[in-house]
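Here is the structure we will look at.
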Amino acid sequence: MQPPNPSVADRTGILAGRAAMIVRPAMPVRRRAHFRRRIQLWGAVFVTPTLLFFAVFKYGPMLWAMWLSLNAYDMMSAPHFIGLGNYRSLMADPIFWHALSNTLVYIAGSTTLITLVALGLALAVNSAVPGARQCMMLMYLTNLMPIIAVCLVWRFLFLPYGLVNELLHLVGIGRIDWLTSTTMAMPAIIIVTVWRFAPYFMVVFLASLLAIPADYYEAAELDGAGAVSRFRHVTLPLLAPMTFFVIVVSALLCARIFLMPYVMTGGGPGNATRVLSMLIYETGFSYLKMGRAAAISVVLFGIMLVFTLAQMRLFLRAEQSVSR
Amino acid sequence: MTRGRRTRLRRILLGTVPLGVVTFFFLLPILWMAGTSFQSNAKLFQSGMGWLPTVLHPDNYPKALAAANFGRYFLNSGIVSLAVTVGNLVFGVLAGYGLAKFRFPGHRLVLLLILTTLMLPLEVTLVPTFLVVHALGWINTYQGMVGPLLVDAFGVFLMRQSMLAIPSDYMEAARIDGAGELRILLRIMLPQCIPALAVLAMFAFRDSWDQFLWPLTIVSVDHLRTYPLGLAQFGEDFGNPPTQQMAIAVLATIPVFLLFAVLQRALTRGFGLGGIKG
């Protein structure tokens, strides 16, 4: 009956519960078990407010969205059932396909660059360079600046004679029409996204870099491993789970993107930066096509679902490795 | 001694200098914002470096504040953000405690249910959440602006993870002394989770202070608008000088940076950076 690993017992409270029983030998066995079970029920009490809240503001609305996506609804007259009509008309709508592919391109581009830049920054900050800590703190500020301020600032920086082009001009690169060209508007928004989120994920990477025991490096060094080989054979494998986590979390963040294209390009030029969340907002609240907007929501939900399932698997695996 | 000094010099040249340059480029947009907010409109676009003010023009600030109802917008944002932060702390602590320290029937299912809400951000559930708030009669109210943001799965998980790391012995000892469960939470668990609480407060405040889409959706009266709505519209109109837009942007940035400065020590531990070098 003794649990194999005391830390597991600690987590679940079993060991401590047993200790309590030892201290109180007077309590009859049945009452003791009852008492213990009653205490565990407090957990249910503590999670109830959150679950109720999610029922009203998360699960309920999502189920409603799924139902609504099968209806035509304009908020004036009662919704009426049209089956897959909304989905069928979305499939025939080029703007929807634009928004879907923009969202996927944006997720792929941003997530890749965020991960690489964050990892690079974390490695740089983790080296025992004087002032590394101060640099980290300063870079992290980009993650705290209000996002509307970020959008307005970068909209100016990306102007034809703005700071970005001035700096590029200094190194001999010609002026680029960032936000006004269909090819460069998306890269521009991805640049802002990386600027905004890479320092955050740098901190995440840094935490797991710091958790690598120094002995590993010392052992590798004794075996004659150089800096490059230490990085390849010690750092990278130990960072792999965290890298996967960073990719999934940043993909979930990027799937929700709304404000940057909304303010910086208005979805344009043309439809070059229109993403799904913008399309949901416009369809629902500018054109009052609630059913159609709900159908787009279901598509966006599908994208989030893929990444969330990946995250859940990761989480469950981590939980198992803790209890093993 | 000389050798040590030489390696240090090498580290500074090969490490600190490049890292400093990278940091500078990351900070440049923030510096541009601050510089521009003190520049005169005429000089701003004279040259690439026109944003660096040689003479300070602090009058951009009162002019910008007077250009729209920004005082009220900031007040609204403050009210909403404060409520959302407190809500996230309270719900997150309670649910995190329940999940970390109790094994009630179905606790694993509850954990997964809460995890699933990560794929249901407001951007996805926008239309039905609007309809729920509409049905509650909360359009154009503070409770409508706060309600759907009050709890987030992130906070629940953060608190759960940090409480898992606290040994249960303390709890048991307190229980034997006759302490109630809430008392154990407040007196024994919370003092040991200060770093996690700091992280949660920081993120909850920043996210609600940033929130744009939700007030955009449910607020249609001017006196309830939050500053991001006001600032976006202020920026929309190109007649408004960039210098004044940046003045408002600076004012919006100050509260978040201040909170960061106040919580910095606890945050470093909360991020797991307690042992960072340098």
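The chains in the structure tokens are called A, B, ... from first to last as shown; in each chain the residues are counted from 1, and the ligands are counted from 1 in the order shown.
Every residue of range 21-262 of chain A with a DSSP assignment of strand (DSSP E), taken from the backbone, is listed as Asn71, Ala72, His80 and Phe81 of chain A.
All residues of protein, DNA or RNA that reach within 7 Å of Trp209 in chain B, judged by only C-alpha atoms and not counting those fewer than 3 positions away in the chain, are Ser77, Ser81, Phe205 and Arg206 of chain B.
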Requested in this report: Could you give me, as a VMD selection string, each residue of range 13-153 of chain B that DSSP assigns to alpha helix (DSSP H) when run on this structure's backbone?
Outcome: chain B and resid 17 to 37 41 to 44 60 to 67 70 to 101 107 to 116 122 to 135 142 to 146 153
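Checking A:Leu239, A:Ile173, A:Leu314, A:Met304 one by one against chain B, counting only C-alpha atoms, you find the shortest gap at A:Met304.
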Query raised in the report: Quick one: residues within 8 Å of range 190-193 of chain A, only C-alpha atoms counted, chain neighbours fewer than 3 positions away excluded, as a ChimeraX atom specification?
Result: /A:106,109-110,154,186-187,196-197
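Omitting Pro29 in chain B and its sequence neighbours fewer than 6 positions away, and counting only C-alpha atoms, the residues within 10 Å are Thr142, Val150, Val153, Trp154, Phe156, Leu157, Leu163, Val164 and Trp195 of chain A; Gly35 of chain B.
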Would you mind exporting the chosen residues as a PDB file, in the first residue's frame, restricted to C-alpha atoms?
ATOM      1  CA  THR A 142       8.187  44.874 -25.215  1.00  0.00           C
ATOM      2  CA  VAL A 150       2.516  48.819 -30.081  1.00  0.00           C
ATOM      3  CA  VAL A 153       4.045  53.005 -32.884  1.00  0.00           C
ATOM      4  CA  TRP A 154       4.854  50.374 -35.500  1.00  0.00           C
ATOM      5  CA  PHE A 156       4.513  55.007 -37.874  1.00  0.00           C
ATOM      6  CA  LEU A 157       7.791  53.077 -37.920  1.00  0.00           C
ATOM      7  CA  LEU A 163      12.394  54.659 -38.867  1.00  0.00           C
ATOM      8  CA  VAL A 164      12.483  51.089 -40.207  1.00  0.00           C
ATOM      9  CA  TRP A 195       9.114  41.770 -31.405  1.00  0.00           C
TER      10      TRP A 195
ATOM     11  CA  GLY B  35      10.833  60.657 -27.881  1.00  0.00           C
TER      12      GLY B  35
END
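Among the candidates B:Asn60, B:Ser162, B:Gln244, B:Asn69, the one nearest to Gly96 in chain B when counting only C-alpha atoms is B:Ser162.
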Query raised in the report: Excluding same-chain residues fewer than 2 positions from range 295-302 of chain A, what lies within 9 Å of it counting only C-alpha atoms, as a VMD selection string?
Result: (chain A and resid 62 65 to 66 68 to 70 86 to 87 90 96 100 255 to 256 276 to 277 279 to 280 283 290 to 293 304 to 306) or (chain B and resid 119 to 120 123 to 127)
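Close contacts of Leu111 in chain B, defined as residues with an atom at most 9 Å away when counting only C-alpha atoms, with chain neighbours fewer than 5 positions off set aside, comprise Leu99, Gly106, Thr116 and Phe157 of chain B.
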Keeping only C-alpha atoms, write those residues as a JSON list (two decimals), in the first residue's frame.
[["chain", "number", "residue", "atom", "x", "y", "z"],
["B", 99, "LEU", "CA", -7.12, 21.01, -7.85],
["B", 106, "GLY", "CA", -13.75, 13.68, -10.87],
["B", 116, "THR", "CA", -10.11, 22.87, -22.73],
["B", 157, "PHE", "CA", -3.11, 26.33, -13.77]]
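Closest to Phe54 in chain A among B:Gly98, B:Phe234, B:Arg72, B:Val110 is B:Val110, based on only C-alpha atoms.
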Report task. Have a look at A:Leu259, A:Val194, A:Ala272, A:Val171 and name the one nearest to chain B; count only C-alpha atoms. Result -> A:Leu259
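Candidate residues A:Ala99, A:Leu210, A:Ile114, A:Met312 were compared for distance to Leu115 in chain B, and the nearest is A:Met312, using only C-alpha atoms.
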